[in-house]
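Down below is the structure, laid out as C-alpha cells.
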Amino acid sequence: MNDAEFVVVKNLRKVYDNGHEALKDVSFSVQKGDLVCLLGPSGCGKSTMLNMLAGLLQPTSGDIRFAGKSMLKVAPKDRQIGYVFQNYALYPHMTVRQNVMFPLTVGRHKLAKAVATEKADKYMALTQITDLADQKPGSLSGGQQQRVAIARALVQEPKILLMDEPLSNLDARLRLKIREEIRALVKNVGITTLFVTHDQEEALSIGDQIILFNDGRIQQADLGQNFYLEPRNYFVANFVGNPVIDNFKVTLTDGQLVGSDFKLALADLDQTKLQPNLPDGDYLLSVRPENIQPVASGRLRAQVADVELIGRERILKFMHDGQQARSLVNLEVPIKIGDTIELDLRLDRVFLFTQEGTRVY
Ligand SMILES: Nc1ncnc2c1ncn2[C@@H]1O[C@H](COP(=O)(O)OP(=O)(O)OP(=O)(O)O)[C@@H](O)[C@H]1O
Ligand SMILES: [Mg+2]
C-alpha cells in the first residue's frame with residue numbers, strides 16, 4: 001500500500017434485489033489525507049457507493065480496500081470510518097456532549113468516562129460547539145446540529161470520514177460557511193474524506209479531487225479545474241460550469257463545421273488536440289459562455305434576448321438554431337436587450353463532441 005492508494009475501489013458493481021444496476025464497474029483510488037467529492041445527479045449511485053464503503057451494503061462484485069486491506073469481510077464497526085448522514089440523526093433526549101461522546105460509551109471500543117469526555121471536548125472545540133455542550137439538539141439550528149453530527153463522527157478518530165450531502169438541509173449562506181469549515185477541519189485533522197454532493201460548485205470549491213458519476217459510471221475523476229478545461233465527454237462539459245456551456249449543432253463537410261449560420265474550418269483548430277480523420281456527419285460544438293464574446297465582426301450574429309446580472313458579470317442570452325445560448329461579459333459592457341451583436345469563439349477553448357458525447361477536440 002502506498003499513500004496514493006489509501007482507499008481503493010476496484011471493479012465495483014451493485015445490483016439491487018429488484019435487478020437495478022446502481023453501480024457498473026466502478027474503479028478509483030483516493031490519496032491519504034485528500035478530500036474527495038463524489039459528484040453527480042440524483043440517482044447516479046453516490047449514496048450506494050458511500051454505503052458500500054461504510055459496509056452498510058454488500059457489493060455484488062468487485063473489491064474495496066482501505067490501507068491495502070480488503071474490507072469485504074470486515075464489519076462496519078471495524079472499518080475505522082466515521083459517517084455523517086444527510087439527516088443528522090442526533091439523539092433528541094441527550095445533550096450535545098452526550099451525543100458526541102455516545103460512540104465512545106458503547107460496544108467493544110468503550111472508553112473510561114473521563115477519557116471519553118476529554119475526547120468529546122476536543123472535537124466539540126474543533127467544531128466550535130463547546131458553548132452548546134449542555135443543550136439538547138431540539139434547541140439548535142441546522143448548522144449547529146450538523147456540527148454536532150460531524151463531531152460525533154470524528155470522536156472515534158476514524159481513518160476515513162464519509163459524508164453524504166451533509167449540507168443539503170442548510171440555507172445557501174450557511175452552506176458556504178459550513179463547507180469552508182468542513183474543509184478546514186478535515187485538513188486540520190488530516191483525515192481522508194469522501195464527501196457526496198450533487199452541487200458542482202460545492203465540489204469544485206472544497207474537493208482536492210472530484211469523481212463525477214452518471215448512471216452508475218464514473219465520467220471523470222480529476223482535479224476540479226480539469227472538469228472545466230478538459231471535460232472528457234459531453235455529459236461532463238454540461239454538468240460542470242455556471243452558467244452552463246453553450247452547445248451548437250454542427251455538420252462536418254469538406255473540412256468545415258457548418259452551424260445554422262456560421263462556419264468554422266477544422267484547419268483553424270489546434271491540430272494536436274483534434275482527433276485525426278474525423279468522418280463527415282453531425283457533431284456538437286460546445287463553448288463556455290466566457291469564451292464566446294461580443295466583437296465588432298465575428299463568426300456569429302445574434303439578437304440579445306435577455307441580460308442577467310450575476311454580481312461582477314452579466315450573461316447575455318440569445319437564441320441560436322432554436323436553442324438558448326449565453327455569453328458571459330464584464331458588467332461594464334454596454335449591451336442591452338434587443339441589440340444585435342456579433343460574437344466570436346475562442347477556438348483554443350471550444351470542444352467538439354460526437355452525437356454519442358465522445359470528445360474529439
Ligand atoms: N434499495 C434499493 N433497491 C433498488 N434500487 C435502489 C435502492 N436504493 C437505491 N436504488 C436505486 O439506485 C440508484 C442509485 O441510488 P443512490 O441512492 O445511490 O443515488 P444518489 O446518487 O445517492 O441520488 P441522490 O442524489 O438522489 O441521493 C437510483 O436509481 C435508485 O433508485
Ligand atoms: Mg444519495
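Each chain in the C-alpha cells gets a letter, A, B and so on, in the order shown; residues start at 1 in every chain, and ligands are counted from 1 in the order they appear.
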
Give the residue list for ligand 2 at 9 Å, counting only C-alpha atoms and all ligand atoms, as a short mmCIF file (atom, residue, chain, number, x, y, z; two decimals) with N, CA and C atoms, in the first residue's frame, sorted by chain and then by residue number.
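Writing the result to selection01.cif gives the following:
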```cif
data_model
loop_
_atom_site.label_atom_id
_atom_site.label_comp_id
_atom_site.auth_asym_id
_atom_site.auth_seq_id
_atom_site.Cartn_x
_atom_site.Cartn_y
_atom_site.Cartn_z
N SER A 42 -29.01 13.32 -9.16
CA SER A 42 -29.80 12.42 -8.31
C SER A 42 -29.95 11.06 -8.98
N GLY A 43 -29.72 10.01 -8.19
CA GLY A 43 -29.91 8.65 -8.72
C GLY A 43 -28.69 8.06 -9.41
N CYS A 44 -27.56 8.78 -9.43
CA CYS A 44 -26.40 8.28 -10.18
C CYS A 44 -25.63 7.22 -9.40
N GLY A 45 -25.93 7.05 -8.10
CA GLY A 45 -25.26 6.00 -7.35
C GLY A 45 -24.32 6.46 -6.24
N LYS A 46 -24.38 7.75 -5.89
CA LYS A 46 -23.45 8.28 -4.89
C LYS A 46 -23.64 7.65 -3.51
N SER A 47 -24.91 7.61 -3.05
CA SER A 47 -25.16 7.04 -1.71
C SER A 47 -24.88 5.55 -1.71
N THR A 48 -25.20 4.89 -2.82
CA THR A 48 -24.90 3.46 -2.93
C THR A 48 -23.39 3.24 -2.73
N LEU A 50 -21.21 5.23 -1.16
CA LEU A 50 -20.81 5.53 0.21
C LEU A 50 -21.22 4.41 1.18
N GLN A 86 -27.12 12.63 5.70
CA GLN A 86 -27.81 13.84 5.29
C GLN A 86 -28.73 14.36 6.40
N ASP A 164 -22.46 12.18 3.46
CA ASP A 164 -23.45 12.10 2.38
C ASP A 164 -24.32 13.34 2.37
N GLU A 165 -24.05 14.24 1.44
CA GLU A 165 -24.80 15.50 1.31
C GLU A 165 -25.03 16.14 2.68
N VAL A 196 -20.07 13.43 -0.42
CA VAL A 196 -21.04 13.32 -1.52
C VAL A 196 -21.81 14.62 -1.68
N THR A 197 -21.94 15.07 -2.91
CA THR A 197 -22.76 16.24 -3.20
C THR A 197 -23.29 16.15 -4.63
N HIS A 198 -24.44 16.82 -4.87
CA HIS A 198 -24.88 16.91 -6.27
C HIS A 198 -24.63 18.32 -6.79
#
```

List all protein, DNA and RNA residues that have at least one atom no more than 12 Å from any atom of ligand 1, counting only C-alpha atoms and all ligand atoms, and write them as number ranges by chain. A: 13-24, 38-52, 56-58, 85-87, 163-166, 168, 195-199, 212-218

Where in range 107-175 of chain A does DSSP assign strand (DSSP E), given as JSON, numbers by chain? {"A": [160, 161, 162, 163, 164]}

Preceding selection exported with C-alpha atoms as a PDB file, in the first residue's frame:
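What landed in again.pdb:
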```
ATOM      1  CA  ILE A 160     -11.794   7.723   6.853  1.00  0.00           C
ATOM      2  CA  LEU A 161     -14.687  10.181   7.034  1.00  0.00           C
ATOM      3  CA  LEU A 162     -17.737   9.605   4.825  1.00  0.00           C
ATOM      4  CA  MET A 163     -20.231  12.436   4.381  1.00  0.00           C
ATOM      5  CA  ASP A 164     -23.445  12.096   2.385  1.00  0.00           C
TER       6      ASP A 164
END
```

Who sits within 12 Å of Gly322 in chain A, only C-alpha atoms, same chain under 3 positions skipped, as a VMD selection string: chain A and resid 247 to 249 259 to 261 302 318 to 319 325

Selected residues written out with C-alpha atoms, as a short mmCIF file (atom, residue, chain, number, x, y, z; two decimals), in the first residue's frame:
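Result saved to result-v9.cif:
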```cif
data_model
loop_
_atom_site.label_atom_id
_atom_site.label_comp_id
_atom_site.auth_asym_id
_atom_site.auth_seq_id
_atom_site.Cartn_x
_atom_site.Cartn_y
_atom_site.Cartn_z
CA ASN A 247 -23.91 23.74 -27.38
CA PHE A 248 -24.27 24.26 -31.13
CA LYS A 249 -25.30 21.57 -33.61
CA GLY A 259 -23.71 25.56 -37.98
CA SER A 260 -27.10 27.13 -38.71
CA ASP A 261 -25.48 30.47 -39.59
CA ALA A 302 -27.47 37.25 -32.77
CA PHE A 318 -29.51 34.84 -27.25
CA MET A 319 -31.21 32.27 -29.42
CA ALA A 325 -27.00 30.31 -25.77
#
```

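Across A:Val350, A:Val186, A:Leu252, A:Leu331, the tightest approach to Pro289 in chain A is made by A:Val350 when counting only C-alpha atoms.
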
TODO: Tell me which of A:Asp339, A:Gln200, A:Ser141, A:Thr60 sits closest to Leu174 in chain A, counting only C-alpha atoms.
DONE: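 The answer is A:Ser141, which sits nearest to Leu174 in chain A.
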
If you count only C-alpha atoms, the residue of A:Val9, A:Val250, A:Val26, A:Val295 closest to Gln219 in chain A turns out to be A:Val26

Extract, using only C-alpha atoms, all DNA, RNA and protein residues at most 6 Å from Asp246 in chain A, discarding same-chain residues fewer than 5 positions from it, and format them as a PyMOL selection string. chain A and resi 286-288+325

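Every protein or nucleic acid residue with an atom no more than 7 Å from range 238-241 of chain A, counting only C-alpha atoms and leaving out same-chain residues fewer than 2 positions away, appears here: A:Gln200, A:Phe227, A:Tyr228, A:Tyr234, A:Phe235, A:Val236, A:Pro243, A:Val244, A:Ile245.
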
For the residues in that selection, give me N, CA and C atoms as a PDB file, in the first residue's frame.
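Printed below is part35.pdb as written:
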```pdb
ATOM      1  N   GLN A 200     -22.219  21.028  -8.109  1.00  0.00           N
ATOM      2  CA  GLN A 200     -20.894  21.108  -8.723  1.00  0.00           C
ATOM      3  C   GLN A 200     -20.037  22.236  -8.148  1.00  0.00           C
ATOM      4  N   PHE A 227     -12.254  19.513 -15.000  1.00  0.00           N
ATOM      5  CA  PHE A 227     -13.631  19.314 -15.444  1.00  0.00           C
ATOM      6  C   PHE A 227     -14.067  20.498 -16.298  1.00  0.00           C
ATOM      7  N   TYR A 228     -13.469  21.605 -15.986  1.00  0.00           N
ATOM      8  CA  TYR A 228     -13.789  22.841 -16.661  1.00  0.00           C
ATOM      9  C   TYR A 228     -13.014  22.978 -17.964  1.00  0.00           C
ATOM     10  N   TYR A 234     -19.325  14.896 -23.310  1.00  0.00           N
ATOM     11  CA  TYR A 234     -20.395  15.894 -23.392  1.00  0.00           C
ATOM     12  C   TYR A 234     -21.116  16.036 -22.051  1.00  0.00           C
ATOM     13  N   PHE A 235     -21.359  14.916 -21.369  1.00  0.00           N
ATOM     14  CA  PHE A 235     -22.034  14.978 -20.068  1.00  0.00           C
ATOM     15  C   PHE A 235     -21.233  15.844 -19.088  1.00  0.00           C
ATOM     16  N   VAL A 236     -19.945  15.608 -18.989  1.00  0.00           N
ATOM     17  CA  VAL A 236     -19.097  16.362 -18.052  1.00  0.00           C
ATOM     18  C   VAL A 236     -19.116  17.852 -18.406  1.00  0.00           C
ATOM     19  N   PRO A 243     -22.442  30.001 -15.643  1.00  0.00           N
ATOM     20  CA  PRO A 243     -23.573  29.460 -16.402  1.00  0.00           C
ATOM     21  C   PRO A 243     -23.179  28.245 -17.242  1.00  0.00           C
ATOM     22  N   VAL A 244     -24.174  27.463 -17.613  1.00  0.00           N
ATOM     23  CA  VAL A 244     -23.883  26.225 -18.333  1.00  0.00           C
ATOM     24  C   VAL A 244     -23.294  26.508 -19.711  1.00  0.00           C
ATOM     25  N   ILE A 245     -22.632  25.506 -20.228  1.00  0.00           N
ATOM     26  CA  ILE A 245     -21.943  25.614 -21.508  1.00  0.00           C
ATOM     27  C   ILE A 245     -22.958  25.789 -22.652  1.00  0.00           C
TER      28      ILE A 245
END
```

| query | Please, what distance in Å, to one decimal, runs between CA of Leu104 in chain A and CA of Gly33 in chain A? | reply |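 Pair CA of Leu104 in chain A / CA of Gly33 in chain A returns 23.6 Å.
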
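Proximity to Ala114 in chain A was assessed for A:Gln144, A:Ser297, A:Val8, A:Met101 counting only C-alpha atoms; the smallest distance is recorded for A:Met101.
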
task: Mind checking which residues fall within 12 Å of Ser139 in chain A, counting only C-alpha atoms, ignoring those fewer than 4 positions away in the same chain, and posting them as an MDAnalysis selection string?
output: chainID A and resid 92:96 132:135 143:145

### Message
Among range 19-240 of chain A, which ones does DSSP assign to alpha helix (DSSP H) (computed from the backbone)? Answer as JSON, numbers by chain.
### Response
{"A": [46, 47, 48, 49, 50, 51, 52, 53, 54, 96, 97, 98, 99, 100, 101, 113, 114, 115, 116, 117, 118, 119, 120, 121, 122, 123, 124, 125, 126, 142, 143, 144, 145, 146, 147, 148, 149, 150, 151, 152, 153, 154, 172, 173, 174, 175, 176, 177, 178, 179, 180, 181, 182, 183, 184, 185, 186, 187, 188, 189, 200, 201, 202, 203, 204, 205, 206, 224, 225, 226, 227, 228, 229, 234, 235, 236, 237, 238, 239]}

Using only C-alpha atoms, which residues sit within 12 Å of Ala125 in chain A once same-chain residues fewer than 4 positions away are excluded, as a CSV table (one decimal) with N, CA and C atoms, in the first residue's frame?
```csv
chain,number,residue,atom,x,y,z
A,97,ARG,N,-23.1,17.2,24.4
A,97,ARG,CA,-21.9,16.4,24.8
A,97,ARG,C,-22.1,14.9,24.8
A,100,VAL,N,-22.1,13.6,21.3
A,100,VAL,CA,-20.8,13.5,20.7
A,100,VAL,C,-20.0,12.3,21.3
A,118,GLU,N,-13.0,13.8,27.6
A,118,GLU,CA,-11.9,14.6,27.2
A,118,GLU,C,-11.9,14.7,25.6
A,119,LYS,N,-12.1,13.5,25.0
A,119,LYS,CA,-12.1,13.4,23.5
A,119,LYS,C,-13.3,14.2,23.0
A,120,ALA,N,-14.5,14.0,23.6
A,120,ALA,CA,-15.7,14.8,23.2
A,120,ALA,C,-15.4,16.3,23.2
A,121,ASP,N,-14.8,16.7,24.3
A,121,ASP,CA,-14.5,18.2,24.4
A,121,ASP,C,-13.5,18.6,23.4
A,129,ILE,N,-18.5,24.0,19.0
A,129,ILE,CA,-19.8,23.8,19.6
A,129,ILE,C,-19.7,23.6,21.2
A,130,THR,N,-18.5,24.0,21.7
A,130,THR,CA,-18.3,23.9,23.1
A,130,THR,C,-19.3,24.6,23.9
A,131,ASP,N,-19.8,25.8,23.5
A,131,ASP,CA,-20.8,26.6,24.2
A,131,ASP,C,-22.1,25.8,24.3
A,132,LEU,N,-22.3,24.9,23.4
A,132,LEU,CA,-23.6,24.2,23.3
A,132,LEU,C,-23.7,22.9,24.0
A,133,ALA,N,-22.6,22.6,24.7
A,133,ALA,CA,-22.4,21.2,25.3
A,133,ALA,C,-23.6,20.7,26.1
A,147,ARG,N,-22.9,20.4,13.0
A,147,ARG,CA,-21.5,20.4,13.6
A,147,ARG,C,-21.5,19.3,14.7
A,148,VAL,N,-22.6,19.1,15.4
A,148,VAL,CA,-22.6,18.0,16.4
A,148,VAL,C,-22.5,16.7,15.7
A,150,ILE,N,-20.9,16.1,12.9
A,150,ILE,CA,-19.5,15.9,12.5
A,150,ILE,C,-18.6,15.6,13.7
A,151,ALA,N,-18.8,16.3,14.8
A,151,ALA,CA,-18.0,16.0,16.0
A,151,ALA,C,-18.2,14.5,16.4
A,154,LEU,N,-16.2,12.3,14.2
A,154,LEU,CA,-14.8,12.4,14.4
A,154,LEU,C,-14.3,11.9,15.7
A,155,VAL,N,-15.1,11.7,16.7
A,155,VAL,CA,-14.7,11.5,18.1
A,155,VAL,C,-14.0,10.1,18.2
A,185,LEU,N,-11.5,21.9,8.8
A,185,LEU,CA,-11.5,20.9,9.9
A,185,LEU,C,-10.8,19.6,9.4
```

One residue among A:Gly68, A:Leu347, A:Ala153, A:Val304 is nearest to Ala265 in chain A when using only C-alpha atoms, and that residue is A:Leu347
